[in-house]
Structure formats: C-alpha cells, structure tokens
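Next comes protein_38.cif, a file with mmCIF, C-alpha atoms.
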data_run
#
loop_
_atom_site.label_atom_id
_atom_site.label_comp_id
_atom_site.auth_asym_id
_atom_site.auth_seq_id
_atom_site.Cartn_x
_atom_site.Cartn_y
_atom_site.Cartn_z
CA MET A 1 65.45 146.61 131.41
CA GLY A 2 62.35 146.57 133.62
CA SER A 3 60.35 144.50 131.17
CA LYS A 4 63.09 141.87 131.08
CA ILE A 5 63.07 141.56 134.87
CA ARG A 6 59.27 141.25 134.87
CA THR A 7 59.40 138.62 132.16
CA VAL A 8 62.06 136.59 133.98
CA SER A 9 60.16 136.78 137.27
CA TRP A 10 56.91 135.64 135.61
CA ILE A 11 58.68 132.76 133.85
CA LEU A 12 60.44 131.63 137.03
CA ALA A 13 57.20 131.89 139.02
CA PHE A 14 55.34 129.64 136.56
CA VAL A 15 58.23 127.16 136.28
CA PHE A 16 58.41 126.89 140.09
CA LEU A 17 54.63 126.56 140.30
CA GLY A 18 54.61 123.84 137.63
CA PHE A 19 57.32 121.94 139.49
CA ASP A 20 55.33 122.20 142.74
CA LEU A 21 52.06 121.11 141.19
CA TYR A 22 53.68 118.10 139.54
CA LEU A 23 55.59 117.08 142.69
CA TRP A 24 52.77 117.61 145.17
CA GLY A 25 50.22 116.15 142.76
CA GLY A 26 52.31 112.97 142.76
CA LEU A 27 52.56 113.05 146.54
CA ALA A 28 48.78 113.46 146.82
CA ILE A 29 48.18 110.18 145.00
CA THR A 30 51.10 108.22 146.44
CA PRO A 31 49.56 105.04 147.92
CA VAL A 32 51.26 105.00 151.34
CA VAL A 33 51.27 108.68 152.36
CA GLY A 34 48.83 110.39 150.01
CA LYS A 35 45.67 110.23 152.10
CA GLU A 36 47.39 111.13 155.39
CA LEU A 37 49.27 113.94 153.70
CA ARG A 38 46.08 115.44 152.25
CA GLU A 39 44.32 115.25 155.61
CA GLN A 40 47.16 116.73 157.66
CA ALA A 41 48.17 119.41 155.16
CA SER A 42 44.82 121.16 155.45
CA LEU A 43 45.45 121.57 159.19
CA ARG A 44 49.24 122.09 159.26
CA SER A 45 50.21 123.88 156.06
CA PRO A 46 47.81 125.81 153.84
CA LEU A 47 50.48 126.15 151.16
CA ALA A 48 51.04 122.38 151.02
CA ALA A 49 47.27 121.82 151.00
CA THR A 50 46.95 124.18 148.03
CA TYR A 51 49.73 122.43 146.13
CA LEU A 52 48.24 119.02 146.92
CA PHE A 53 44.75 119.96 145.74
CA ALA A 54 45.76 121.87 142.61
CA GLY A 55 48.54 119.40 141.80
CA ARG A 56 46.21 116.43 142.08
CA LYS A 57 43.72 118.08 139.72
CA ALA A 58 46.50 119.02 137.26
CA VAL A 59 48.06 115.56 137.26
CA ASP A 60 44.65 113.92 136.82
CA GLY A 61 43.81 116.32 134.00
CA LEU A 62 47.08 115.55 132.21
CA GLY A 63 46.74 111.81 132.79
CA ARG A 64 50.27 111.62 134.24
CA GLN A 65 49.53 109.93 137.57
CA ASP A 66 52.19 107.21 137.36
CA ALA A 67 54.89 109.56 136.09
CA SER A 68 54.07 112.11 138.78
CA VAL A 69 54.25 109.51 141.57
CA ALA A 70 57.62 108.34 140.23
CA PHE A 71 58.84 111.96 140.05
CA ALA A 72 57.77 112.54 143.65
CA ALA A 73 59.60 109.38 144.73
CA ARG A 74 62.80 110.67 143.09
CA GLN A 75 62.51 114.13 144.67
CA ILE A 76 61.78 113.04 148.26
CA ARG A 77 64.52 111.38 150.29
CA ALA A 78 64.33 107.57 150.26
CA GLY A 79 62.37 105.89 153.03
CA VAL A 80 60.07 108.78 153.85
CA LEU A 81 57.38 107.73 151.39
CA ALA A 82 57.61 104.06 152.36
CA ASP A 83 57.31 104.69 156.12
CA PRO A 84 55.65 108.05 156.80
CA GLY A 85 55.80 107.69 160.61
CA PRO A 86 53.14 109.19 162.85
CA PRO A 87 50.25 110.72 160.88
CA ASP A 88 50.49 114.09 162.63
CA THR A 89 54.08 114.67 161.44
CA VAL A 90 53.78 113.53 157.82
CA VAL A 91 53.71 117.09 156.41
CA GLN A 92 56.81 118.16 158.33
CA ARG A 93 58.64 114.96 157.34
CA ILE A 94 57.84 115.48 153.65
CA LEU A 95 58.93 119.13 153.80
CA ALA A 96 62.18 118.16 155.53
CA ALA A 97 62.85 115.35 153.05
CA GLN A 98 62.53 117.52 149.94
CA SER A 99 65.47 118.09 147.68
CA ALA A 100 67.03 121.56 147.60
CA THR A 101 65.22 122.24 144.32
CA GLY A 102 61.93 121.19 145.90
CA SER A 103 62.40 123.52 148.86
CA LEU A 104 63.38 126.42 146.60
CA CYS A 105 60.32 125.91 144.43
CA TYR A 106 58.00 125.33 147.40
CA TYR A 107 58.77 128.69 148.97
CA GLY A 108 59.87 130.50 145.80
CA ALA A 109 56.71 130.10 143.73
CA PRO A 110 54.40 132.20 145.91
CA LEU A 111 57.12 134.78 146.56
CA LEU A 112 57.89 135.12 142.86
CA LEU A 113 54.20 135.39 142.02
CA LEU A 114 53.85 138.25 144.51
CA LEU A 115 57.03 139.90 143.19
CA SER A 116 55.81 139.55 139.61
CA LEU A 117 52.46 141.11 140.48
CA ALA A 118 54.16 143.97 142.31
CA LEU A 119 56.51 144.60 139.38
CA HIS A 120 53.59 144.48 136.97
CA VAL A 121 51.59 147.03 138.96
CA ARG A 122 54.61 149.35 139.36
CA ARG A 123 55.70 149.14 135.71
CA GLN A 124 56.25 152.30 133.71
CA LYS A 125 53.10 153.22 131.84
CA PRO A 126 52.89 155.35 128.71
CA ILE A 127 51.83 158.96 129.14
CA ARG A 128 48.57 159.83 127.46
CA SER A 129 47.85 163.31 126.24
CA PHE A 130 44.38 164.76 125.76
CA GLY A 131 44.26 164.59 121.99
CA ALA A 132 46.24 161.50 121.15
CA ARG A 133 45.03 157.93 121.05
CA GLY A 134 47.32 155.06 121.31
#
As a first step, turn the structure in this file into structure tokens.
Amino acid sequence: MGSKIRTVSWILAFVFLGFDLYLWGGLAITPVVGKELREQASLRSPLAATYLFAGRKAVDGLGRQDASVAFAARQIRAGVLADPGPPDTVVQRILAAQSATGSLCYYGAPLLLLLSLALHVRRQKPIRSFGARG
C-alpha cells in the first residue's frame, strides 16, 4: 500500500511540474509580458522565477516555443496577456488570472515533491541480518 502512495505522489508531482514548466515557459517567451514577467518574478515570487527560468530552458530545448505560448494563452484569462498593466503587478495579475488547474499545479508541484521525498525517506526498509546478503 505504501509503495502505491509513493508512486502516485511521484507521478502527480512530475505531471504538475511538467504542466508548470510548459505553462510558465510559454509565459516567459510571450511577446507582450514575457520580459516584464521575468524581471518582476525574480523580485516578487521565487517560485514563479524558478518556473519561468526552467520552463524557458525546457521549452527551448524541446523546440516547442509557439505551442507553449499558445498553451499559456489558453490557460491565462483573456486580456491579461494582451494588456499586462503596471509592470510591478504583472506577476500578481498572472497568478490571479490562472485557471484552477494552473493554480493547483503551481502550488501543488513543490508540495507534492516534498511529500514524495518525505514518503521516500520514511519508507519501510528491509531488515538485514549479519550473515545474509540481499
């Protein structure tokens, strides 16, 4: 039973992380808000800055820039990417305009990674005797 829970938590953590990297990688290269978002995220939200940096590298490595930008446009409420408003509030506006799935993945990925690590460390380990190998 414990191994199934660990497996599910690892799978969910990596699915959420993949979603975040693809979404925020698309946001990082979006023409209107990308530069402002990258600049403000490093000051306002370390988690968003991490997703933007790693997501941009992942999207560039996969060669999926256009698809990622289109995905980000579908996930963020209409109008926010076209008119980001004042530069100092662009991170908060993007976070507020996320879909429910985006918000769940944004906060869920790091929590599930920590949970998965904790479950992995606390897993039941086999007992080793002095004479047996295995």
Within 10 Å of stretch 34-43 of chain A, which residues of stretch 54-107 of chain A show up? Give each one with its shortest atom-to-atom distance in Å (one decimal) and the two atoms involved, counting only C-alpha atoms, rows by chain then rising residue number, as JSON lines.
{"residue": "A:Leu81", "atom": "CA", "partner": "A:Gly34", "partner_atom": "CA", "distance": 9.1}
{"residue": "A:Pro84", "atom": "CA", "partner": "A:Glu36", "partner_atom": "CA", "distance": 8.9}
{"residue": "A:Pro86", "atom": "CA", "partner": "A:Glu36", "partner_atom": "CA", "distance": 9.6}
{"residue": "A:Pro87", "atom": "CA", "partner": "A:Glu36", "partner_atom": "CA", "distance": 6.2}
{"residue": "A:Asp88", "atom": "CA", "partner": "A:Gln40", "partner_atom": "CA", "distance": 6.5}
{"residue": "A:Thr89", "atom": "CA", "partner": "A:Gln40", "partner_atom": "CA", "distance": 8.1}
{"residue": "A:Val90", "atom": "CA", "partner": "A:Leu37", "partner_atom": "CA", "distance": 6.1}
{"residue": "A:Val91", "atom": "CA", "partner": "A:Leu37", "partner_atom": "CA", "distance": 6.1}
{"residue": "A:Gln92", "atom": "CA", "partner": "A:Ala41", "partner_atom": "CA", "distance": 9.3}
{"residue": "A:Ile94", "atom": "CA", "partner": "A:Leu37", "partner_atom": "CA", "distance": 8.7}
Would you output that residue set with C-alpha atoms, as a compact mmCIF listing (two decimals), in the frame of the given file?
# COMPACT_ATOMS: atom_id res chain seq x y z
CA LEU A 81 57.38 107.73 151.39
CA PRO A 84 55.65 108.05 156.80
CA PRO A 86 53.14 109.19 162.85
CA PRO A 87 50.25 110.72 160.88
CA ASP A 88 50.49 114.09 162.63
CA THR A 89 54.08 114.67 161.44
CA VAL A 90 53.78 113.53 157.82
CA VAL A 91 53.71 117.09 156.41
CA GLN A 92 56.81 118.16 158.33
CA ILE A 94 57.84 115.48 153.65
So which residues get picked by the PyMOL selection byres ((chain A and resi 25-31) around 12) here, written as an MDAnalysis selection string? chainID A and resid 17:24 32:41 48:76 80:84 90:91 94:95 98
query: Do you know which residues are at most 9 Å from stretch 119-123 of chain A counting only C-alpha atoms, after dropping those on the same chain fewer than 2 positions away, and could you put them as a ChimeraX atom specification?
result: /A:2-3,5-6,9,114-117,125
Using only C-alpha atoms, the residue out of A:Ala96, A:Gly85, A:Leu111, A:Gly79 with shortest distance to A:Leu12 is A:Leu111
Grab all the atoms of stretch 44-57 of chain A that the file lists, wrap them in a box along x, y and z, add 4 Å per side, and give me centre plus edge lengths in Å (one decimal) as lines of an AutoDock Vina configuration file.
center_x = 47.4
center_y = 121.3
center_z = 149.5
size_x = 15.3
size_y = 17.7
size_z = 27.5
field: Distance in Å - atom CA of A:Ala13 versus atom CA of A:Ala109
entry: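 For atom CA of A:Ala13 relative to atom CA of A:Ala109, the distance reads 5.1 Å.
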* **Two-atom distance - atom CA of A:Tyr106, atom CA of A:Ile11 (Å)** =>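 Computed distance, atom CA of A:Tyr106 to atom CA of A:Ile11, equals 15.5 Å.
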To one decimal place, how far is atom CA of A:Cys105 from atom CA of A:Val15 in Å?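 Separation between atom CA of A:Cys105 and atom CA of A:Val15: 8.5 Å.
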Of A:Phe14, A:Phe130, A:Ser99, A:Lys4, the one sitting nearest A:Leu113 when using all atoms listed in the file is A:Phe14
